[in-house]
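Notes follow the structure.
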Amino acid sequence: MTHETPSSSASTGAVLLRRARDARVDAQGTTATLAVDGLPGVQLGVMPGWLTGEPLEDQGVETQMPNLPDIELPPTDVTPFELRVTAPRPDCLRLTVGPSGASALADDGTSTGIVVHPAPAPQRIALEQNETHVVLTTGNLRLEVGRAPFTLRLVDEAGGATILRTADRLRQVAGLLTAPSVVATGGTTTLNLELGSDEDVLGFGEQFGRLVKNGQLLRLRSEDACGTGTGMAYKPVPVWHSSRGYTGFVNTGAVVNADVGHSRPSVLSLGIEDGAIDLYVFAGPDPGARLTNYTELTGRADVPPPWAFGYWMGRCRYHSSEEMLEVAQSTRRHQVPMDVLHLDPDWLVVDRLNTDFIWNTDRFGDRKQFVEDLADLGLRLSVWELPYLDPASPLFDEAEREGYLVRRTDGTLAGIVKTPTPDGRMRALIDFTNPTAKRWWQEKHRAFLDDGVAVFKTDFGEALPDDVALYDGTPANQAHNLYPLRYNAAVSDAIREFTGRAPLVWGRSGWAGSHRYPGQWGGDAESTVAGMQATVRGGLSYAMSAPGFWSHDIGGFFGPELTPALYVRWTQLGALSPLMRAHGLRPREPWAFGEQALDIAREWVRLRYSLLPYLWQVARESAANGWPVMRPLGFHHSDDRVARSVDDSFLLGRDLLVVPVFDDGDAPVSRTFYVPEGEWFDLDDETRYAGPAFHTVTVPLDRMPVLVRGGATIPRVDVDESVRSVDDLHGRPWTLHAYGAGAPDGADATDGLVGFDEQPASFAGPVVRHGG
């Protein structure tokens with residue numbers, strides 16, 4: 001049907017996937033392939049909506065609308081696409097959509113380096129097809145593919161519910177499609193999913209806004225975010241959770257634009273800046289089980305060494321070994337337990353956005369001796385790095401001559417973007433896809449590790465340009481987001497190889513798969529209440545996408561002068577975080593904030609050390625299952641709609657509920673918080689809280705609500721003034737604290753508890769019972 005006014009249709013160069021042909025299953029019965037016709041699509045200039053060249057009635061257009069504009073339909077030339085469906089493991093479907101012949105259709109999933117175990121337990125797929133639908137079934141999952149129009153509907157037959165469907169049902173007033181199932185245009189492929197009326201979406205990496213993402217528009221591109229309040233993210237991850245009972249993962253390094261009901265209230269739109277979509281769907285009601293299945297494909301982290309869970313201290317910057325040794329001696333004088341002292345870039349000779357591993361002996365003397373001097377005080381050394389080289393470095397010419405540096409598609413040397421340099425010079429980037437370059441970089445760490453350096457802070461990594469030609473041929477549109485993954489992997493693998501122990505880095509940038517390389521921290525938060533709040537939200541969001549070991553800078557990194565009270569409140573949060581580090585542009589040592597702050601901070605650091613037996617069990621559980629240590633309340637209470645939206649408190653493991661106090665004043669404050677189902681007991685005074693319910697308490701500066709789940713048994717260790725570091729806790733007997741009438745005791749309470757030396761823990765005395 002053609003009308004007379006062509007101007008009412010706007011050509012977009014778009015292709016809409018509209019018709020599914022017959023399907024076939026391969027000889028092994030594990031791969032189904034469907035041919036899909038893509039048709040040119042246009043949008044009207046005067047109203048929202050999409051049209052193809054199909055008859056208007058077939059498209060559902062309300063042709064009797066009195067104000068329907070004249071329409072010129074586009075041609076019906078077919079662009080062949082394919083949908084490839086596999087089931088890499090039970091309760092998981094992989095759906096790959098792209099033009100016929102696209103490399104993604106032949107890829108086993110490992111080309112990006114995110115997926116490392118592509119098919120741990122491949123499932124057979126049963127095929128049924130009729131005139132209207134192609135139905136693919138495996139285990140409890142049934143994928144219904146509508147033929148004309150092309151649609152997707154995924155049903156979890158275990159619960160009998162539709163957990164995912166494309167948004168083709170959604171129309172505007174004239175009947176035009178507002179969100180076609182799949183649209184390919186301008187190098188971007190967009191999948192449109194219909195949001196349920198009560199569906200909550202969480203995840204998408206370290207996002208600093210609200211935990212539930214409904215209503216948000218997120219651009220998943222790793223950026224030097226310049227803080228936690230700019231709308232950008234250091235560690236975006238294309239993994240999300242739906243309360244309808246699935247976890248989605250887009251296996252790509254390309255930028256993903258996630259519109260979660262922002263532009264259209266009932267549509268989750270995923271625009272992948274690539275010619276294909278590689279989507280994994282993990283089904284099931286339990287988000288923890290879904291993350292376990294996700295990390296079966298993408299890998300899991302090792303448990304960091306016990307000392308990693310102690311207190312870390314850093315500053316940007318310490319300027320000499322004498323200054324750092326004075327800090328070390330001060331922490332011992334003030335009897336604050338501490339395990340790691342961090343050294344930012346002043347250890348370098350060329351020390352501005354450059355790492356060439358040339359140790360500054362003028363400032364820090366002999367490196368091995370410096371490490372030994374710290375060790376005498378019970379401390380380990382963390383050293384800063386980034387993957388950039390300054391042309392002023394003596395190593396630059398070698399790196400350029402040998403081809404170790406990233407080049408642009410025009411052959412010129414690539415320089416970092418969106419991260420300003422203090423001197424106006426470019427900074428080059430190491431090409432970690434070049435095996436020789438990667439090995440060259442890794443070997444630079446060997447002497448440091450041989451001298452006893454314990455950990456490398458893998459800072460930056462977000463500044464790769466978009467127009468690069470990497471050594472291994474990674475497509476330019478995929479390279480940027482994969483760079484942080486490859487950078488952190490190179491350093492982590494070097495630590496593992498050269499030390500023979502579980503590696504630990506302290507990374508700022510990340511992408512899907514980065515959870516394999518702990519730990520990560522939340523970047524450069526502002527030293528304000530808003531910065532602290534954004535930090536917690538970022539950690540919870542990241543937990544649902546990159547489960548593992550995450551932390552933050554206690555006190556924030558920059559901004560207004562940090563008040564002593566906010567420093568205390570942030571220290572309390574840090575003491576109950578997966579990893580604990582104080583760091584900023586200005587001093588973050590507790591004695592820098594006055595006697596009251598020092599006294600309170602010391603007690604909370606000691607509390608952390610006393611809880612390390614519990615935290616050690618949580619760390620082992622998290623590593624074994626692919627779970628985060630810091631968990632949103634909804635992680636263990638997914639049916640509680642209030643719990644899954646809470647982003648101002650969190651669970652540390654299963655049994656501790658942590659309620660940070662977001663305030664920068666000395667006076668007691670009123671704090672309202674939500675308690676999930678069951679009974680919970682205050683760790684300090686055993687006050688009982690019943691859930692599900694909100695509770696309000698008045699909290700003085702030296703208190704932060706920490707609740708223990710009723711029925712839990714918490715292993716603890718006594719921490720006295722003699723404890724300098726985690727090493728001093730080795731061999732000390734633990735005490736079991738049981739909360740509530742249902743908590744186990746005796747052998748049931750100690751079963752499976754493992755000490756810091758990976759041997760069964762020893763215990764002092766009987767179980768101490770609390771709250772019944």
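So you can find residues: chains in the structure tokens are A, B, ... in the order shown, residues in each start at 1, and ligands are numbered from 1 in order.
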Which residues, written as a PDB file with N, CA and C atoms, in the first residue's frame, have at least one atom at most 12 Å from A:Gly752, with only C-alpha atoms counted and residues fewer than 2 positions away on the same chain left out?
```pdb
ATOM      1  N   GLN A 617      35.561 -17.696  55.656  1.00  0.00           N
ATOM      2  CA  GLN A 617      34.600 -18.717  55.192  1.00  0.00           C
ATOM      3  C   GLN A 617      33.764 -18.166  54.042  1.00  0.00           C
ATOM      4  N   VAL A 618      33.348 -16.903  54.154  1.00  0.00           N
ATOM      5  CA  VAL A 618      32.560 -16.287  53.088  1.00  0.00           C
ATOM      6  C   VAL A 618      33.383 -16.198  51.805  1.00  0.00           C
ATOM      7  N   ARG A 620      35.784 -18.139  50.817  1.00  0.00           N
ATOM      8  CA  ARG A 620      35.901 -19.474  50.221  1.00  0.00           C
ATOM      9  C   ARG A 620      34.587 -19.891  49.573  1.00  0.00           C
ATOM     10  N   GLU A 621      33.472 -19.594  50.227  1.00  0.00           N
ATOM     11  CA  GLU A 621      32.163 -19.885  49.649  1.00  0.00           C
ATOM     12  C   GLU A 621      31.970 -19.115  48.348  1.00  0.00           C
ATOM     13  N   PRO A 715      32.085 -17.571  63.405  1.00  0.00           N
ATOM     14  CA  PRO A 715      33.408 -17.793  64.020  1.00  0.00           C
ATOM     15  C   PRO A 715      34.162 -16.477  64.159  1.00  0.00           C
ATOM     16  N   ALA A 747      29.452 -30.213  67.036  1.00  0.00           N
ATOM     17  CA  ALA A 747      30.084 -30.592  65.777  1.00  0.00           C
ATOM     18  C   ALA A 747      29.378 -29.974  64.580  1.00  0.00           C
ATOM     19  N   ASP A 748      28.054 -29.775  64.694  1.00  0.00           N
ATOM     20  CA  ASP A 748      27.313 -29.173  63.589  1.00  0.00           C
ATOM     21  C   ASP A 748      27.793 -27.752  63.315  1.00  0.00           C
ATOM     22  N   ALA A 749      28.185 -27.044  64.363  1.00  0.00           N
ATOM     23  CA  ALA A 749      28.617 -25.656  64.205  1.00  0.00           C
ATOM     24  C   ALA A 749      30.000 -25.555  63.581  1.00  0.00           C
ATOM     25  N   THR A 750      30.857 -26.515  63.839  1.00  0.00           N
ATOM     26  CA  THR A 750      32.239 -26.443  63.356  1.00  0.00           C
ATOM     27  C   THR A 750      32.444 -27.160  62.034  1.00  0.00           C
ATOM     28  N   VAL A 754      37.173 -23.816  57.902  1.00  0.00           N
ATOM     29  CA  VAL A 754      38.569 -23.996  57.505  1.00  0.00           C
ATOM     30  C   VAL A 754      39.374 -22.792  57.979  1.00  0.00           C
ATOM     31  N   GLY A 755      40.547 -23.067  58.560  1.00  0.00           N
ATOM     32  CA  GLY A 755      41.405 -22.010  59.059  1.00  0.00           C
ATOM     33  C   GLY A 755      42.165 -21.306  57.953  1.00  0.00           C
ATOM     34  N   GLU A 758      44.212 -23.300  55.579  1.00  0.00           N
ATOM     35  CA  GLU A 758      43.460 -24.297  54.811  1.00  0.00           C
ATOM     36  C   GLU A 758      43.330 -25.627  55.537  1.00  0.00           C
ATOM     37  N   GLN A 759      43.601 -25.652  56.816  1.00  0.00           N
ATOM     38  CA  GLN A 759      43.397 -26.831  57.647  1.00  0.00           C
ATOM     39  C   GLN A 759      42.166 -26.612  58.519  1.00  0.00           C
ATOM     40  N   PRO A 760      41.562 -27.685  59.050  1.00  0.00           N
ATOM     41  CA  PRO A 760      40.411 -27.490  59.941  1.00  0.00           C
ATOM     42  C   PRO A 760      40.763 -26.543  61.081  1.00  0.00           C
ATOM     43  N   ALA A 761      39.844 -25.635  61.370  1.00  0.00           N
ATOM     44  CA  ALA A 761      40.086 -24.632  62.402  1.00  0.00           C
ATOM     45  C   ALA A 761      40.059 -25.256  63.781  1.00  0.00           C
ATOM     46  N   SER A 762      40.795 -24.633  64.717  1.00  0.00           N
ATOM     47  CA  SER A 762      40.753 -25.049  66.119  1.00  0.00           C
ATOM     48  C   SER A 762      39.941 -24.033  66.908  1.00  0.00           C
TER      49      SER A 762
END
```
* Asked: Among stretch 198-423 of chain A, which residues carry a DSSP assignment of alpha helix (DSSP H), reported as JSON, numbers by chain?
  -> {"A": [287, 288, 289, 290, 291, 292, 293, 294, 295, 296, 297, 298, 321, 322, 323, 324, 325, 326, 327, 328, 329, 330, 331, 332, 333, 361, 362, 363, 364, 367, 368, 369, 370, 371, 372, 373, 374, 375, 376, 396, 397, 398, 399, 400, 401]}
* To do: For A:Asp727, work out the shell of residues within 12 Å, counting only C-alpha atoms and skipping chain neighbours fewer than 4 positions away, then give it as a list in words.
  =>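 Neighbouring residues, sequence-local ones excluded: Pro305, Pro306, Trp307, Ala308, Phe309, Gly310, Pro337, Met338, Asp339, Val340, Ala375, Leu377, Gly378, Leu379, Arg380, Tyr609, Leu612, Ser722, Val723, Gly731, Arg732, Phe756 and Asp757 of chain A.
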* Show which residues sit within 10 Å of A:Arg654, as a list in words. Count only C-alpha atoms, and ignore same-chain residues fewer than 3 positions away. => Val618, Val629, Met630, Arg631, Leu633, Phe635, His636, Phe650, Leu651, Leu657, Val708, Arg709 and Ala712 of chain A
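Excluding A:Leu405 and any residue on its chain fewer than 5 positions from it, the residues at most 7 Å away by only C-alpha atoms are Ala399, Glu400, Ala428, Leu429, Ile430 and Asp431 of chain A.
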* To do: Quick one: everything within 8 Å of A:Leu170, counting only C-alpha atoms, minus sequence neighbours fewer than 6 positions away in the same chain. Send it as a list in words.
  => Leu177, Thr178, Ala179 and Glu194 of chain A
* Give me the residues within 8 Å of stretch 249-251 of chain A as a ChimeraX atom specification, counting only C-alpha atoms and dropping any in the same chain fewer than 5 places off. => /A:109,112,114-115,238-240,277-281
* Residues of stretch 141-307 of chain A in strand (DSSP E) according to DSSP, as a PyMOL selection string? -> chain A and resi 141-146+151-156+161-165+182-185+188-194+201-205+216-220+236-242+246-250+256-260+267-272+277-283
* **Two-atom distance - atom CA of A:Pro733, atom CA of A:Pro304 (Å)** => 21.5 Å
* **Straight-line distance linking atom CA of A:Leu56 with atom CA of A:Glu131, stated in Å to one decimal** =>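 Rounded to one decimal, the two atoms are 21.0 Å apart.
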Could you give me, as a tab-separated table, every stretch 675-759 of chain A residue with an atom at most 12 Å from stretch 584-605 of chain A, plus its closest atom pair and distance in Å to one decimal, counting only C-alpha atoms, rows ordered by chain then number?
```
residue	atom	partner	partner_atom	distance
A:Asp684	CA	A:Trp604	CA	11.7
A:Pro700	CA	A:Ile600	CA	11.2
A:Leu701	CA	A:Ile600	CA	8.4
A:Asp702	CA	A:Ile600	CA	5.8
A:Arg703	CA	A:Ile600	CA	8.8
A:Met704	CA	A:Trp604	CA	9.7
A:Val706	CA	A:Trp604	CA	11.6
A:Val719	CA	A:Val605	CA	10.0
A:Asp720	CA	A:Glu603	CA	10.4
A:Glu721	CA	A:Arg602	CA	10.4
A:Val723	CA	A:Val605	CA	11.1
A:Arg724	CA	A:Val605	CA	10.9
A:Ser725	CA	A:Val605	CA	10.7
A:Val726	CA	A:Val605	CA	11.6
```
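Among A:Leu105, A:Ala463, A:Val134, A:Ala643, the residue with the shortest atom-to-atom distance to A:Thr151, counting only C-alpha atoms, is A:Val134.
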* Quote the spacing between atom CA of A:Pro578 and atom CA of A:Asn625 in Å to one decimal place. =>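 Those two atoms sit 15.9 Å apart.
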